[in-house]
>>> print(open('my_file.txt').read())   # compact mmCIF, C-alpha atoms and all ligand atoms
# COMPACT_ATOMS: atom_id res chain seq x y z
CA MET A 3 -24.95 -39.03 8.35
CA SER A 4 -25.26 -41.43 5.40
CA GLU A 5 -25.33 -39.12 2.39
CA ASN A 6 -22.69 -36.56 1.41
CA VAL A 7 -24.01 -33.12 2.16
CA SER A 8 -23.53 -30.66 -0.68
CA VAL A 9 -20.97 -27.94 -0.10
CA LYS A 10 -23.64 -25.39 -1.03
CA ASP A 11 -25.69 -26.48 1.95
CA LEU A 12 -22.76 -26.20 4.31
CA VAL A 13 -20.67 -23.25 3.20
CA ARG A 14 -21.66 -19.64 2.55
CA GLY A 15 -21.79 -19.16 -1.24
CA ASP A 16 -19.12 -16.44 -1.34
CA LEU A 17 -16.69 -18.62 0.61
CA ILE A 18 -16.86 -21.89 -1.32
CA ASN A 19 -13.62 -21.14 -3.14
CA VAL A 20 -11.69 -19.70 -0.20
CA SER A 21 -8.80 -22.07 0.37
CA ALA A 22 -6.19 -22.44 3.09
CA ALA A 23 -3.41 -19.83 3.04
CA ALA A 24 -1.41 -20.59 -0.12
CA ASN A 25 1.92 -20.36 1.69
CA LEU A 26 0.86 -22.82 4.40
CA ALA A 27 -0.51 -25.30 1.86
CA PHE A 28 2.64 -25.11 -0.30
CA ASN A 29 4.80 -25.48 2.80
CA GLU A 30 3.02 -28.75 3.64
CA GLN A 31 3.70 -30.03 0.10
CA VAL A 32 7.40 -29.13 0.28
CA LYS A 33 7.74 -30.67 3.75
CA ALA A 34 6.26 -33.92 2.39
CA LEU A 35 8.85 -33.94 -0.42
CA ILE A 36 11.68 -33.38 2.07
CA LYS A 37 10.31 -36.17 4.26
CA SER A 38 10.35 -38.52 1.28
CA GLY A 39 14.11 -37.95 1.01
CA ARG A 40 14.28 -35.22 -1.64
CA GLN A 41 16.83 -32.47 -1.13
CA VAL A 42 14.76 -29.28 -1.46
CA TYR A 43 15.97 -25.70 -0.94
CA HIS A 44 12.94 -24.21 0.71
CA PHE A 45 12.67 -20.56 -0.23
CA ALA A 46 8.89 -20.59 -0.05
CA PHE A 47 8.05 -20.27 3.64
CA GLY A 48 8.74 -17.22 5.75
CA GLN A 49 9.19 -17.85 9.39
CA SER A 50 12.02 -16.74 11.62
CA PRO A 51 15.08 -18.99 11.36
CA PHE A 52 16.27 -17.83 14.78
CA PRO A 53 15.46 -19.22 18.23
CA PRO A 54 13.67 -16.70 20.45
CA PRO A 55 15.95 -14.60 22.69
CA ALA A 56 17.05 -16.33 25.90
CA CYS A 57 15.46 -13.67 28.11
CA LEU A 58 12.05 -14.31 26.53
CA LYS A 59 12.36 -18.09 26.89
CA GLU A 60 13.26 -17.69 30.56
CA ALA A 61 10.45 -15.24 31.20
CA LEU A 62 7.93 -17.52 29.50
CA GLN A 63 9.01 -20.39 31.76
CA GLU A 64 8.78 -18.13 34.79
CA PHE A 65 5.17 -17.28 33.95
CA ALA A 66 4.06 -20.74 32.79
CA HIS A 67 1.87 -20.91 35.89
CA ALA A 68 -0.25 -17.95 34.73
CA HIS A 69 -3.39 -19.61 33.48
CA GLU A 70 -6.16 -17.19 34.27
CA TYR A 71 -8.20 -15.27 31.72
CA LEU A 72 -6.77 -11.79 31.36
CA PRO A 73 -8.34 -8.46 30.36
CA MET A 74 -9.60 -8.55 26.77
CA VAL A 75 -7.33 -5.66 25.76
CA GLY A 76 -4.23 -7.08 27.46
CA ILE A 77 -2.62 -6.46 30.84
CA PRO A 78 -1.97 -2.77 31.65
CA GLU A 79 1.77 -3.23 32.24
CA LEU A 80 2.21 -4.75 28.79
CA ARG A 81 0.23 -1.97 27.09
CA GLU A 82 2.37 0.60 28.87
CA GLU A 83 5.57 -1.12 27.78
CA LEU A 84 4.32 -1.28 24.20
CA ALA A 85 3.77 2.48 24.18
CA LYS A 86 7.36 2.98 25.44
CA PHE A 87 8.67 0.49 22.87
CA HIS A 88 7.23 2.52 20.00
CA ALA A 89 8.37 5.80 21.55
CA ARG A 90 11.89 4.48 21.68
CA TYR A 91 12.06 2.97 18.22
CA ASP A 92 9.63 4.97 16.11
CA ASN A 93 9.46 8.24 18.00
CA LEU A 94 5.71 7.78 18.36
CA SER A 95 3.63 8.95 21.27
CA LEU A 96 1.01 6.24 21.51
CA ASN A 97 -1.64 6.02 24.20
CA SER A 98 -1.32 2.83 26.25
CA ASP A 99 -5.11 2.76 26.66
CA ASN A 100 -5.50 2.48 22.91
CA PHE A 101 -3.67 -0.83 22.53
CA VAL A 102 -5.46 -4.11 22.01
CA VAL A 103 -3.26 -7.15 22.62
CA ALA A 104 -4.24 -10.43 20.92
CA PRO A 105 -2.99 -13.92 20.07
CA GLY A 106 -1.14 -12.57 17.02
CA SER A 107 -1.80 -9.52 14.89
CA LYS A 108 -3.48 -11.60 12.16
CA ILE A 109 -6.73 -11.96 14.08
CA LEU A 110 -6.79 -8.21 14.78
CA ILE A 111 -6.35 -7.39 11.09
CA TYR A 112 -9.22 -9.74 10.34
CA LEU A 113 -11.47 -8.25 13.01
CA VAL A 114 -10.79 -4.70 11.80
CA MET A 115 -11.66 -5.75 8.23
CA THR A 116 -14.82 -7.46 9.45
CA ILE A 117 -16.07 -4.61 11.58
CA PHE A 118 -15.07 -1.68 9.39
CA ALA A 119 -18.09 -0.35 7.48
CA GLY A 120 -16.43 0.75 4.24
CA ASP A 121 -14.37 -0.71 1.41
CA ILE A 122 -10.89 -2.17 1.71
CA LEU A 123 -8.01 -0.95 -0.45
CA LEU A 124 -5.15 -3.36 -0.98
CA PRO A 125 -1.92 -2.58 -2.83
CA SER A 126 -0.49 -5.39 -4.96
CA PRO A 127 1.76 -7.31 -4.32
CA ALA A 128 0.19 -8.27 -1.01
CA TRP A 129 0.67 -10.83 1.73
CA THR A 130 -1.38 -13.98 0.93
CA THR A 131 -3.71 -13.55 3.88
CA TYR A 132 -5.32 -10.18 3.22
CA VAL A 133 -7.62 -11.18 0.35
CA PRO A 134 -9.00 -14.32 2.04
CA GLN A 135 -9.46 -12.35 5.27
CA SER A 136 -11.29 -9.65 3.42
CA ARG A 137 -13.54 -12.25 1.76
CA LEU A 138 -14.22 -13.94 5.08
CA ALA A 139 -15.25 -10.48 6.21
CA GLY A 140 -17.68 -10.41 3.26
CA LYS A 141 -15.78 -7.79 1.23
CA GLU A 142 -14.00 -7.90 -2.10
CA PRO A 143 -10.97 -5.62 -1.75
CA TRP A 144 -10.08 -3.01 -4.36
CA ILE A 145 -6.63 -3.88 -5.66
CA LEU A 146 -4.27 -0.94 -6.19
CA GLN A 147 -1.34 -1.55 -8.53
CA THR A 148 2.26 -0.72 -7.72
CA GLN A 149 5.32 -0.89 -9.98
CA GLN A 150 8.60 -2.72 -9.60
CA ALA A 151 10.37 0.43 -10.81
CA GLN A 152 8.91 2.25 -7.79
CA GLY A 153 10.04 -0.46 -5.38
CA TRP A 154 6.52 -1.99 -5.26
CA LYS A 155 5.36 0.94 -3.14
CA LEU A 156 1.97 2.60 -3.37
CA THR A 157 2.18 6.12 -4.77
CA PRO A 158 -0.11 8.98 -3.75
CA GLU A 159 -1.18 9.29 -7.41
CA THR A 160 -2.41 5.68 -7.55
CA LEU A 161 -4.22 6.07 -4.24
CA GLU A 162 -5.81 9.33 -5.35
CA GLU A 163 -6.90 7.87 -8.66
CA ALA A 164 -8.44 4.80 -7.04
CA VAL A 165 -10.31 6.69 -4.40
CA ALA A 166 -11.39 9.62 -6.55
CA GLY A 167 -12.44 7.31 -9.40
CA LYS A 168 -14.56 4.86 -7.45
CA GLY A 169 -15.44 7.63 -5.10
CA GLY A 170 -18.35 7.90 -2.77
CA SER A 171 -17.99 9.79 0.44
CA SER A 172 -17.63 6.76 2.67
CA TRP A 173 -14.46 5.96 4.57
CA LYS A 174 -12.05 3.42 3.12
CA LEU A 175 -9.51 1.18 4.82
CA LEU A 176 -6.07 1.02 3.20
CA ILE A 177 -3.92 -1.96 4.15
CA LEU A 178 -0.32 -0.82 4.05
CA THR A 179 2.39 -3.39 4.73
CA ASN A 180 5.55 -1.59 5.79
CA PRO A 181 8.12 -3.15 5.61
CA GLY A 182 6.62 -5.21 2.83
CA ASN A 183 5.81 -8.86 2.56
CA PRO A 184 6.50 -10.06 -0.15
CA SER A 185 8.54 -7.09 -1.42
CA GLY A 186 10.89 -6.41 1.53
CA ALA A 187 10.40 -2.71 0.67
CA CYS A 188 10.39 0.06 3.26
CA TYR A 189 8.55 3.35 2.84
CA THR A 190 10.47 6.54 3.56
CA ASP A 191 9.15 9.37 5.72
CA GLU A 192 8.63 11.47 2.58
CA GLU A 193 6.60 8.74 0.87
CA LEU A 194 4.40 8.23 3.93
CA GLU A 195 3.90 11.96 4.30
CA ALA A 196 2.73 12.19 0.69
CA LEU A 197 0.32 9.26 1.19
CA SER A 198 -1.02 10.82 4.38
CA VAL A 199 -2.08 13.94 2.47
CA VAL A 200 -4.33 11.87 0.19
CA CYS A 201 -5.62 9.80 3.12
CA ARG A 202 -6.66 12.95 4.99
CA GLN A 203 -8.34 14.49 1.98
CA ARG A 204 -10.07 11.35 0.81
CA ARG A 205 -11.25 9.84 4.10
CA VAL A 206 -8.91 6.87 4.04
CA ILE A 207 -8.05 5.10 7.30
CA VAL A 208 -4.77 3.19 7.19
CA LEU A 209 -4.16 -0.18 8.76
CA SER A 210 -0.39 -0.08 8.86
CA ASP A 211 0.94 -3.61 9.28
CA GLU A 212 4.45 -3.01 10.66
CA ILE A 213 5.21 -6.51 11.88
CA TYR A 214 8.67 -6.50 10.22
CA ALA A 215 9.66 -3.02 11.44
CA ARG A 216 12.29 -4.18 13.92
CA LEU A 217 14.01 -6.17 11.20
CA THR A 218 14.73 -3.11 9.04
CA PHE A 219 18.33 -3.39 7.89
CA SER A 220 19.07 0.35 8.13
CA ARG A 221 17.52 0.32 11.67
CA ARG A 222 15.51 3.38 10.61
CA HIS A 223 11.88 2.40 10.28
CA ALA A 224 9.43 5.08 9.17
CA SER A 225 5.96 4.55 10.63
CA MET A 226 2.71 5.74 9.09
CA ALA A 227 1.49 6.49 12.62
CA LYS A 228 4.03 9.34 12.73
CA HIS A 229 2.64 11.00 9.61
CA TYR A 230 -1.04 10.25 10.00
CA PRO A 231 -1.53 9.67 13.73
CA GLU A 232 -5.24 10.42 13.75
CA GLY A 233 -6.05 7.89 11.02
CA THR A 234 -3.56 5.05 11.43
CA ILE A 235 -4.28 1.73 13.10
CA LEU A 236 -0.83 0.29 13.72
CA THR A 237 -0.51 -3.49 13.98
CA SER A 238 2.57 -5.42 15.01
CA GLY A 239 3.72 -8.17 17.34
CA PHE A 240 6.52 -10.43 18.48
CA SER A 241 6.27 -13.19 15.87
CA LYS A 242 9.05 -11.76 13.70
CA CYS A 243 11.23 -9.55 15.89
CA ALA A 244 11.39 -12.09 18.74
CA SER A 245 10.95 -15.18 16.52
CA ALA A 246 7.93 -16.14 18.59
CA GLY A 247 5.26 -16.81 15.95
CA GLY A 248 3.94 -19.88 17.75
CA TRP A 249 3.72 -18.12 21.09
CA ARG A 250 1.10 -15.80 19.62
CA LEU A 251 1.41 -12.24 20.77
CA GLY A 252 0.40 -9.37 18.55
CA TYR A 253 -1.32 -6.04 19.03
CA ALA A 254 -3.03 -3.09 17.41
CA HIS A 255 -2.94 0.56 18.43
CA PHE A 256 -5.99 2.64 17.53
CA PRO A 257 -6.01 6.44 17.30
CA THR A 258 -8.40 8.06 19.76
CA ALA A 259 -10.59 9.24 16.86
CA LEU A 260 -11.24 5.58 16.00
CA ARG A 261 -12.16 4.40 19.48
CA SER A 262 -15.66 3.46 18.33
CA LEU A 263 -14.10 0.95 15.92
CA MET A 264 -11.73 -0.22 18.66
CA ALA A 265 -14.68 -0.80 21.03
CA VAL A 266 -16.32 -3.23 18.62
CA VAL A 267 -12.99 -4.98 17.97
CA ILE A 268 -12.70 -5.50 21.74
CA SER A 269 -16.25 -6.79 21.88
CA ALA A 270 -15.53 -9.21 19.00
CA ALA A 271 -12.35 -10.30 20.79
CA SER A 272 -14.33 -11.07 23.92
CA HIS A 273 -16.72 -13.24 21.93
CA THR A 274 -14.06 -15.09 19.97
CA TYR A 275 -10.54 -15.52 21.34
CA THR A 276 -11.11 -13.94 24.82
CA CYS A 277 -7.51 -12.82 25.46
CA ALA A 278 -3.89 -13.30 24.41
CA PRO A 279 -1.97 -16.11 26.17
CA ALA A 280 -1.36 -15.10 29.79
CA PRO A 281 2.25 -16.39 30.19
CA MET A 282 3.29 -14.64 27.02
CA GLN A 283 1.77 -11.31 28.07
CA TYR A 284 3.60 -11.36 31.41
CA ALA A 285 6.81 -12.55 29.76
CA VAL A 286 6.88 -9.85 27.09
CA ALA A 287 6.04 -7.16 29.64
CA LYS A 288 8.93 -8.33 31.79
CA VAL A 289 11.40 -8.50 28.90
CA LEU A 290 10.47 -5.02 27.71
CA ARG A 291 10.82 -3.68 31.25
CA GLU A 292 13.93 -5.53 32.43
CA ASN A 293 15.78 -7.00 29.45
CA PHE A 294 15.35 -4.35 26.85
CA ASP A 295 19.02 -4.17 25.91
CA GLU A 296 19.23 -7.91 25.39
CA LEU A 297 16.16 -7.89 23.18
CA ASP A 298 17.48 -4.88 21.29
CA GLN A 299 20.83 -6.59 20.63
CA TYR A 300 19.04 -9.77 19.59
CA MET A 301 16.92 -7.89 17.03
CA ARG A 302 20.02 -6.13 15.68
CA ASP A 303 21.84 -9.43 15.33
CA CYS A 304 18.93 -11.03 13.51
CA ALA A 305 18.75 -8.03 11.16
CA THR A 306 22.51 -8.17 10.53
CA VAL A 307 22.38 -11.82 9.48
CA LEU A 308 19.23 -11.33 7.41
CA GLU A 309 20.70 -8.33 5.62
CA ALA A 310 23.84 -10.30 4.66
CA VAL A 311 21.80 -13.27 3.45
CA GLY A 312 19.33 -11.07 1.55
CA ASN A 313 22.11 -9.10 -0.14
CA TYR A 314 23.88 -12.30 -1.13
CA CYS A 315 20.74 -13.80 -2.71
CA HIS A 316 19.98 -10.61 -4.59
CA ARG A 317 23.54 -10.15 -5.83
CA GLU A 318 23.97 -13.76 -6.99
CA LEU A 319 20.69 -13.76 -8.88
CA ALA A 320 21.40 -10.34 -10.38
CA SER A 321 24.70 -11.73 -11.69
CA VAL A 322 22.75 -14.04 -14.03
CA GLY A 323 20.30 -11.36 -15.13
CA VAL A 324 17.49 -11.81 -12.59
CA GLY A 325 15.85 -8.46 -11.85
CA GLY A 326 14.08 -7.06 -8.82
CA CYS A 327 14.77 -4.79 -5.87
CA LYS A 328 16.97 -5.74 -2.96
CA SER A 329 15.24 -6.47 0.33
CA GLU A 330 15.40 -3.67 2.90
CA ALA A 331 13.87 -5.57 5.83
CA GLY A 332 12.56 -8.90 7.01
CA TYR A 333 12.81 -12.20 5.18
CA TYR A 334 11.72 -11.51 1.62
CA PHE A 335 12.25 -9.99 -1.76
CA LEU A 336 10.60 -10.36 -5.14
CA PRO A 337 13.09 -11.47 -7.81
CA ASP A 338 11.93 -11.12 -11.39
CA PHE A 339 12.88 -14.01 -13.69
CA GLU A 340 11.87 -12.27 -16.92
CA VAL A 341 15.31 -13.26 -18.28
CA VAL A 342 14.13 -16.88 -18.73
CA ARG A 343 10.83 -16.07 -20.47
CA GLU A 344 11.95 -17.19 -23.93
CA GLY A 345 13.54 -20.35 -22.55
CA LEU A 346 10.33 -21.23 -20.71
CA ARG A 347 8.16 -20.43 -23.69
CA ALA A 348 10.03 -23.01 -25.75
CA ARG A 349 8.80 -25.68 -23.33
CA GLY A 350 5.31 -24.56 -22.37
CA PRO A 351 3.43 -21.58 -21.00
CA ALA A 352 5.72 -18.85 -19.63
CA ASN A 353 3.94 -18.10 -16.40
CA GLY A 354 4.70 -18.09 -12.68
CA THR A 355 3.13 -21.48 -11.95
CA HIS A 356 4.93 -23.29 -14.74
CA MET A 357 8.20 -21.58 -13.84
CA THR A 358 8.11 -22.47 -10.14
CA GLN A 359 7.22 -26.08 -10.99
CA SER A 360 10.23 -26.25 -13.27
CA MET A 361 12.45 -24.77 -10.53
CA LEU A 362 11.25 -27.43 -8.08
CA GLU A 363 11.66 -30.30 -10.52
CA GLU A 364 14.99 -29.31 -12.06
CA ALA A 365 16.76 -27.27 -9.39
CA ASN A 366 15.16 -28.61 -6.18
CA VAL A 367 14.27 -25.02 -5.33
CA ALA A 368 10.87 -24.29 -3.80
CA LEU A 369 9.61 -20.79 -4.55
CA MET A 370 6.09 -19.39 -4.62
CA SER A 371 4.99 -17.57 -7.73
CA ALA A 372 4.13 -13.97 -6.98
CA HIS A 373 0.72 -14.80 -8.47
CA ASP A 374 -0.11 -16.01 -4.95
CA PHE A 375 0.66 -12.47 -3.81
CA LEU A 376 -1.70 -10.79 -6.30
CA ARG A 377 0.68 -10.35 -9.23
CA PRO A 378 -0.55 -11.31 -12.72
CA LEU A 379 0.08 -14.97 -13.61
CA GLU A 380 2.17 -14.05 -16.69
CA GLU A 381 4.60 -12.05 -14.55
CA LEU A 382 7.73 -14.07 -13.76
CA THR A 383 8.19 -12.70 -10.26
CA THR A 384 8.42 -14.95 -7.21
CA ARG A 385 8.45 -14.37 -3.50
CA PHE A 386 11.83 -15.39 -2.21
CA CYS A 387 12.17 -16.14 1.55
CA PHE A 388 15.82 -16.24 2.54
CA VAL A 389 15.41 -18.02 5.87
CA CYS A 390 16.26 -21.69 5.21
CA PHE A 391 19.36 -21.77 7.39
CA ASP A 392 20.18 -22.57 10.99
CA GLY A 393 19.58 -19.25 12.71
CA ALA A 394 20.92 -20.43 16.07
CA GLU A 395 24.25 -21.30 14.49
CA ALA A 396 24.38 -18.01 12.56
CA LEU A 397 23.73 -15.97 15.73
CA ARG A 398 26.41 -17.91 17.63
CA ALA A 399 28.92 -17.37 14.83
CA LEU A 400 28.08 -13.67 14.62
CA LYS A 401 29.31 -13.17 18.18
CA ASP A 402 32.81 -14.33 17.13
CA HIS A 403 32.85 -12.53 13.83
CA PRO A 404 35.42 -9.70 13.69
CA SER A 405 33.20 -7.28 11.79
CA GLN A 406 29.72 -7.68 13.19
CA GLU A 407 28.24 -5.50 10.47
CA ASN A 408 29.73 -6.78 7.21
CA LEU A 409 29.37 -10.50 6.96
CA SER A 410 31.42 -12.04 4.18
CA ASP A 411 30.40 -14.74 1.72
CA ASP A 412 32.69 -17.04 3.71
CA PHE A 413 30.52 -16.47 6.75
CA LEU A 414 27.47 -17.45 4.71
CA ARG A 415 29.20 -20.53 3.29
CA GLN A 416 30.14 -21.64 6.77
CA HIS A 417 26.96 -20.82 8.61
CA CYS A 418 24.12 -20.46 6.09
CA LEU A 419 25.06 -23.23 3.67
CA PRO A 420 21.56 -24.22 2.46
CA ILE A 421 21.08 -20.64 1.27
CA VAL A 422 24.34 -20.72 -0.69
CA LYS A 423 23.65 -24.14 -2.20
CA GLY A 424 20.07 -23.27 -3.08
CA ILE A 425 21.05 -20.00 -4.72
CA GLN A 426 23.78 -21.67 -6.73
CA SER A 427 21.35 -24.35 -7.88
CA LEU A 428 18.89 -21.63 -8.90
CA ARG A 429 21.62 -19.73 -10.75
CA GLN A 430 22.38 -22.87 -12.77
CA TRP A 431 18.69 -23.26 -13.55
CA VAL A 432 18.56 -19.64 -14.77
CA LEU A 433 21.66 -20.08 -16.92
CA LYS A 434 20.23 -23.23 -18.49
CA HIS A 435 16.89 -21.62 -19.35
CA ARG A 436 18.38 -18.31 -20.34
CA GLU A 437 20.48 -19.96 -22.99
CA GLN A 438 17.68 -21.95 -24.57
C1 LIG A 501 2.73 -9.14 6.62
C2 LIG A 501 2.33 -9.95 7.80
N1 LIG A 501 1.42 -9.44 8.65
C3 LIG A 501 1.00 -10.13 9.72
C4 LIG A 501 1.47 -11.39 9.98
C5 LIG A 501 0.88 -12.15 11.15
O1 LIG A 501 1.64 -12.16 12.24
P1 LIG A 501 1.12 -12.68 13.65
O2 LIG A 501 1.96 -13.83 13.98
O3 LIG A 501 1.28 -11.49 14.57
O4 LIG A 501 -0.32 -13.06 13.53
C6 LIG A 501 2.42 -11.97 9.13
C7 LIG A 501 2.90 -13.34 9.38
O5 LIG A 501 3.37 -14.06 8.54
C8 LIG A 501 2.86 -11.23 8.01
O6 LIG A 501 3.76 -11.72 7.15
>>> encode(input="my_file.txt", output="structure tokens")
Amino acid sequence: MSENVSVKDLVRGDLINVSAAANLAFNEQVKALIKSGRQVYHFAFGQSPFPPPACLKEALQEFAHAHEYLPMVGIPELREELAKFHARYDNLSLNSDNFVVAPGSKILIYLVMTIFAGDILLPSPAWTTYVPQSRLAGKEPWILQTQQAQGWKLTPETLEEAVAGKGGSSWKLLILTNPGNPSGACYTDEELEALSVVCRQRRVIVLSDEIYARLTFSRRHASMAKHYPEGTILTSGFSKCASAGGWRLGYAHFPTALRSLMAVVISAASHTYTCAPAPMQYAVAKVLRENFDELDQYMRDCATVLEAVGNYCHRELASVGVGGCKSEAGYYFLPDFEVVREGLRARGPANGTHMTQSMLEEANVALMSAHDFLRPLEELTTRFCFVCFDGAEALRALKDHPSQENLSDDFLRQHCLPIVKGIQSLRQWVLKHREQ
């Protein structure tokens, strides 16, 4: 083709400005800097620092020969094991026939958004993917505000106000991320119960994204499916708890009342991705059936290391006046750098973009402004991923550590050094700008 074809002729009008996931794009930029020889403390990308558990690696090798197309919803033995998995951890009684297994939970969240007839409700802050997914699905989500003082968790009052105000009698779909990305916040049973009352009254279906549930530091995850079983679509997978993001295995469980929605999701699956990877389905089914204790110990160990690292980052930043709640699960928290606002203002606009650029240039720290996670640009919050360390080494060292629960700062200095160095560099940056 000789001439350049106009974007308007190629791309649906409402999608012209949809860009690649902000976190993936920023990660590419930081990786290029590191490749060019710059020392960068990469707190901007959240993927598991740990190698997958040995039992899963072995099982995946064992089933490498499985190359056939599998049932669209996943193999029956895996769906049965998933139901047992959630019974054991979350005290849920899920129906194995109501699971849909997929190459990651992301595609299932997208398909639900696409197929669902009503509006989408999205609490802020939110994972970078939900808004673009919703737009790809042809919907502009309603953003519901949450407060730092309330741990960035949606309150029943805010939900009620949003739904009653904009009203209509149609069903809505609330995307609830629990534990949170980017907040690291976990809802309690009481909070979920209170939300479920509004959901029932106001015809709100919940898509409860619980992908970080097994990395809850207290080990006590509260699931929305317990409080609102008839209206909760639960999504999760093995990308985080088994560090297997690239092996692509996620799933959704639909309540029986929503089987009509599930049927169209299955149909869409059959016409798009066909099925989840066969070796991975057999491998996970085997691990859940035969190596449960090993997987359980592995998840506990990962959570122990993550908790120590998360607490350290929070405590060190708090010691120089940085605000924000401590992470309760997963890889993230949302520190608030309000303390440097005046210092930043003296040198340019005091906003998240300017601040994170300054951190990268002056402290070699890569952080994403929480603006990418739906917070206002003027807010000086950032999403902090505390995973830039060698997870294999940390897990090995944990085995020899006398107190497997309370990891000291010495442990972190010895085995998670980039975290310690990066945090100290960021502390210096805060002190410099705080004093200006
Ligand atoms: C909140 C949240 N939900 C879902 C996903 C997607 O996970 P999967 O690998 O199952 O597609 C991620 C991955 O980063 C995530 O952070």
>>> residues_near_ligand(input="my_file.txt", ligand="ligand LIG 501 (chain A)", cutoff="9 Å", atoms="all atoms listed in the file", output="ChimeraX atom specification")
/A:48-49,104-111,128-132,179-184,211-214,237-242,246-253
>>> atom_distance(input="my_file.txt", atom1="CA of His417 in chain A", atom2="CA of Val289 in chain A")
28.4 Å
>>> closest_residue(input="my_file.txt", among="A:Tyr112, A:Phe391, A:Phe28, A:Phe52", to="Ala270 in chain A", atoms="all atoms listed in the file")
A:Tyr112
>>> axis_aligned_box(input="my_file.txt", around="range 411-428 of chain A", padding_each_side="3 Å", output="JSON")
{"center_x": 25.8, "center_y": -19.5, "center_z": -0.1, "size_x": 19.8, "size_y": 15.6, "size_z": 23.5}
>>> residues_near_point(input="my_file.txt", point="(5.4, -18.6, 30.2)", cutoff="6 Å", atoms="all atoms listed in the file", output="ChimeraX atom specification")
/A:62-66,281-282
>>> closest_residue(input="my_file.txt", among="A:Thr258, A:Ser245, A:Ser126, A:Thr274", to="Ala372 in chain A", atoms="only C-alpha atoms")
A:Ser126
>>> closest_residue(input="my_file.txt", among="A:Lys401, A:Leu428, A:Phe101, A:Lys10", to="Leu362 in chain A", atoms="all atoms listed in the file")
A:Leu428
>>> atom_distance(input="my_file.txt", atom1="CA of Leu336 in chain A", atom2="CA of Lys434 in chain A")
20.9 Å
>>> residues_around(input="my_file.txt", residues="range 375-382 of chain A", least_positions_apart="3", cutoff="9 Å", atoms="only C-alpha atoms", output="list in words")
Pro125, Ser126, Pro127, Ala128, Trp129, Thr130, Thr131, Val133, Ile145, Asn183, Pro184, Pro337, Asp338, Phe339, Glu340, Val341, Val342, Arg343, Pro351, Ala352, Asn353, Gly354, Thr355, Met357, Met370, Ser371, Ala372 and Arg385 of chain A
>>> closest_residue(input="my_file.txt", among="A:Leu433, A:Val324, A:Cys188, A:Leu80", to="Arg291 in chain A", atoms="all atoms listed in the file")
A:Leu80
>>> atom_distance(input="my_file.txt", atom1="CA of Glu142 in chain A", atom2="CA of Leu176 in chain A")
13.1 Å
>>> residues_near_point(input="my_file.txt", point="(-16.7, 1.4, 13.3)", cutoff="10 Å", atoms="all atoms listed in the file", output="JSON, numbers by chain")
{"A": [114, 116, 117, 118, 119, 120, 260, 261, 262, 263, 264, 265, 266, 267]}
>>> write_last_selection(input="my_file.txt", atoms="C-alpha atoms", output="tab-separated table (two decimals), in the frame of the given file")
chain	number	residue	atom	x	y	z
A	114	VAL	CA	-10.79	-4.70	11.80
A	116	THR	CA	-14.82	-7.46	9.45
A	117	ILE	CA	-16.07	-4.61	11.58
A	118	PHE	CA	-15.07	-1.68	9.39
A	119	ALA	CA	-18.09	-0.35	7.48
A	120	GLY	CA	-16.43	0.75	4.24
A	260	LEU	CA	-11.24	5.58	16.00
A	261	ARG	CA	-12.16	4.40	19.48
A	262	SER	CA	-15.66	3.46	18.33
A	263	LEU	CA	-14.10	0.95	15.92
A	264	MET	CA	-11.73	-0.22	18.66
A	265	ALA	CA	-14.68	-0.80	21.03
A	266	VAL	CA	-16.32	-3.23	18.62
A	267	VAL	CA	-12.99	-4.98	17.97
>>> closest_residue(input="my_file.txt", among="A:Leu175, A:Thr218, A:Glu344, A:Pro55", to="Gln299 in chain A", atoms="only C-alpha atoms")
A:Pro55
>>> closest_residue(input="my_file.txt", among="A:Leu369, A:Met361, A:Val102, A:Ile18", to="Ser269 in chain A", atoms="all atoms listed in the file")
A:Val102
>>> residues_around(input="my_file.txt", residues="Val422 in chain A", least_positions_apart="2", cutoff="10 Å", atoms="only C-alpha atoms", output="PyMOL selection string")
chain A and resi 43+311+314-315+318+391+411+414-420+424-428
